[in-house]
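To start, the structure under review is shown below, and the notes come after it.
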Amino acid sequence: MRTKTPKTGAPKTGTPKTEERGSEGRFAYEGLDRVIHERARLSVLTSLLTHPKGLTFGDLKQLCALTDGNLSRHLSVLEDAGMVEIAKGHERNRPQTVCRITGSGRKRYLEYLATLEQVVRDAAKGGADETAAGRVRGLTPREA
């Protein structure tokens, strides 16, 4: 039985072990974390991962091309999931919000990336198999 993450209700998942799955559920990709698997949150986490000291709200907003409201909402989801921490303070008498990825957020994100890499490998292998068998020559996936 799967457990749910607090507040988001998304299933808690880990990196899939392909060898253990066998053919049943082979392409289920349980490690595709629903909290992360959303374009805006994916860009937020990628930005924070590449800036270990954190980013200000304004910098993160610009890097991810999000509005204040959208970024705020996605940060709330990530904070509730324990993936980011948000520190509010002041610099030169102006309010400043700094966002950082947590240790558990980093671990969870890297596990997600490992699963995503497996998806790409599986898709590439499937495409190579079909091309080698001569089934898809010159056709797009929708035409095949």
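Residues in the structure tokens are numbered from 1 in each chain, the chains being A, B, ... in the order shown, and ligands are numbered from 1 in the order shown.
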May I have all residues of region 87-129 of chain A that DSSP, computed from the backbone, assigns to alpha helix (DSSP H), given as a VMD selection string?
-> chain A and resid 103 to 129
Just-selected residues, N, CA and C atoms written as a PDB file, in the first residue's frame:
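Generated file (out_5.pdb):
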ATOM      1  N   GLY A 103      17.856  19.227   2.100  1.00  0.00           N
ATOM      2  CA  GLY A 103      18.588  17.980   1.869  1.00  0.00           C
ATOM      3  C   GLY A 103      17.675  16.882   1.369  1.00  0.00           C
ATOM      4  N   SER A 104      16.509  16.754   1.994  1.00  0.00           N
ATOM      5  CA  SER A 104      15.567  15.720   1.545  1.00  0.00           C
ATOM      6  C   SER A 104      14.976  16.078   0.184  1.00  0.00           C
ATOM      7  N   GLY A 105      14.816  17.378  -0.081  1.00  0.00           N
ATOM      8  CA  GLY A 105      14.335  17.808  -1.389  1.00  0.00           C
ATOM      9  C   GLY A 105      15.331  17.480  -2.481  1.00  0.00           C
ATOM     10  N   ARG A 106      16.617  17.677  -2.189  1.00  0.00           N
ATOM     11  CA  ARG A 106      17.678  17.349  -3.137  1.00  0.00           C
ATOM     12  C   ARG A 106      17.670  15.850  -3.432  1.00  0.00           C
ATOM     13  N   LYS A 107      17.570  15.038  -2.376  1.00  0.00           N
ATOM     14  CA  LYS A 107      17.565  13.576  -2.542  1.00  0.00           C
ATOM     15  C   LYS A 107      16.366  13.131  -3.380  1.00  0.00           C
ATOM     16  N   ARG A 108      15.213  13.647  -3.034  1.00  0.00           N
ATOM     17  CA  ARG A 108      13.983  13.279  -3.741  1.00  0.00           C
ATOM     18  C   ARG A 108      14.027  13.709  -5.209  1.00  0.00           C
ATOM     19  N   TYR A 109      14.590  14.886  -5.473  1.00  0.00           N
ATOM     20  CA  TYR A 109      14.699  15.398  -6.837  1.00  0.00           C
ATOM     21  C   TYR A 109      15.663  14.540  -7.656  1.00  0.00           C
ATOM     22  N   LEU A 110      16.787  14.158  -7.060  1.00  0.00           N
ATOM     23  CA  LEU A 110      17.752  13.319  -7.778  1.00  0.00           C
ATOM     24  C   LEU A 110      17.174  11.930  -8.062  1.00  0.00           C
ATOM     25  N   GLU A 111      16.362  11.402  -7.138  1.00  0.00           N
ATOM     26  CA  GLU A 111      15.679  10.125  -7.387  1.00  0.00           C
ATOM     27  C   GLU A 111      14.694  10.273  -8.547  1.00  0.00           C
ATOM     28  N   TYR A 112      14.004  11.389  -8.574  1.00  0.00           N
ATOM     29  CA  TYR A 112      13.077  11.678  -9.670  1.00  0.00           C
ATOM     30  C   TYR A 112      13.819  11.726 -11.004  1.00  0.00           C
ATOM     31  N   LEU A 113      14.977  12.399 -11.026  1.00  0.00           N
ATOM     32  CA  LEU A 113      15.767  12.493 -12.253  1.00  0.00           C
ATOM     33  C   LEU A 113      16.244  11.118 -12.718  1.00  0.00           C
ATOM     34  N   ALA A 114      16.602  10.248 -11.778  1.00  0.00           N
ATOM     35  CA  ALA A 114      17.025   8.891 -12.139  1.00  0.00           C
ATOM     36  C   ALA A 114      15.874   8.149 -12.830  1.00  0.00           C
ATOM     37  N   THR A 115      14.673   8.320 -12.331  1.00  0.00           N
ATOM     38  CA  THR A 115      13.505   7.690 -12.956  1.00  0.00           C
ATOM     39  C   THR A 115      13.259   8.278 -14.334  1.00  0.00           C
ATOM     40  N   LEU A 116      13.378   9.591 -14.457  1.00  0.00           N
ATOM     41  CA  LEU A 116      13.183  10.253 -15.742  1.00  0.00           C
ATOM     42  C   LEU A 116      14.224   9.783 -16.765  1.00  0.00           C
ATOM     43  N   GLU A 117      15.449   9.586 -16.295  1.00  0.00           N
ATOM     44  CA  GLU A 117      16.489   9.047 -17.188  1.00  0.00           C
ATOM     45  C   GLU A 117      16.120   7.643 -17.670  1.00  0.00           C
ATOM     46  N   GLN A 118      15.508   6.845 -16.797  1.00  0.00           N
ATOM     47  CA  GLN A 118      15.070   5.503 -17.202  1.00  0.00           C
ATOM     48  C   GLN A 118      13.966   5.591 -18.256  1.00  0.00           C
ATOM     49  N   VAL A 119      13.077   6.540 -18.121  1.00  0.00           N
ATOM     50  CA  VAL A 119      12.025   6.755 -19.120  1.00  0.00           C
ATOM     51  C   VAL A 119      12.667   7.055 -20.474  1.00  0.00           C
ATOM     52  N   VAL A 120      13.660   7.936 -20.477  1.00  0.00           N
ATOM     53  CA  VAL A 120      14.329   8.304 -21.725  1.00  0.00           C
ATOM     54  C   VAL A 120      15.036   7.089 -22.324  1.00  0.00           C
ATOM     55  N   ARG A 121      15.739   6.323 -21.474  1.00  0.00           N
ATOM     56  CA  ARG A 121      16.423   5.117 -21.987  1.00  0.00           C
ATOM     57  C   ARG A 121      15.427   4.132 -22.583  1.00  0.00           C
ATOM     58  N   ASP A 122      14.312   3.919 -21.895  1.00  0.00           N
ATOM     59  CA  ASP A 122      13.294   2.987 -22.394  1.00  0.00           C
ATOM     60  C   ASP A 122      12.716   3.466 -23.718  1.00  0.00           C
ATOM     61  N   ALA A 123      12.429   4.755 -23.798  1.00  0.00           N
ATOM     62  CA  ALA A 123      11.860   5.306 -25.032  1.00  0.00           C
ATOM     63  C   ALA A 123      12.868   5.230 -26.177  1.00  0.00           C
ATOM     64  N   ALA A 124      14.121   5.534 -25.891  1.00  0.00           N
ATOM     65  CA  ALA A 124      15.154   5.464 -26.927  1.00  0.00           C
ATOM     66  C   ALA A 124      15.335   4.028 -27.407  1.00  0.00           C
ATOM     67  N   LYS A 125      15.318   3.101 -26.472  1.00  0.00           N
ATOM     68  CA  LYS A 125      15.467   1.692 -26.835  1.00  0.00           C
ATOM     69  C   LYS A 125      14.273   1.237 -27.672  1.00  0.00           C
ATOM     70  N   GLY A 126      13.083   1.634 -27.273  1.00  0.00           N
ATOM     71  CA  GLY A 126      11.879   1.279 -28.027  1.00  0.00           C
ATOM     72  C   GLY A 126      11.909   1.860 -29.421  1.00  0.00           C
ATOM     73  N   GLY A 127      12.331   3.099 -29.549  1.00  0.00           N
ATOM     74  CA  GLY A 127      12.439   3.731 -30.861  1.00  0.00           C
ATOM     75  C   GLY A 127      13.482   3.051 -31.719  1.00  0.00           C
ATOM     76  N   ALA A 128      14.604   2.669 -31.102  1.00  0.00           N
ATOM     77  CA  ALA A 128      15.664   1.983 -31.851  1.00  0.00           C
ATOM     78  C   ALA A 128      15.187   0.605 -32.299  1.00  0.00           C
ATOM     79  N   ASP A 129      14.446  -0.103 -31.438  1.00  0.00           N
ATOM     80  CA  ASP A 129      13.927  -1.428 -31.786  1.00  0.00           C
ATOM     81  C   ASP A 129      12.970  -1.348 -32.966  1.00  0.00           C
TER      82      ASP A 129
END
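If only C-alpha atoms are the atoms counted, then among A:Leu60, A:Leu66, A:Leu55, A:Ala81 the closest residue to Arg39 (chain A) is A:Leu66.
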Quick one: pull the distance between CA of Val77 (chain A) and CA of Arg100 (chain A), Å, one decimal.
-> 13.9 Å
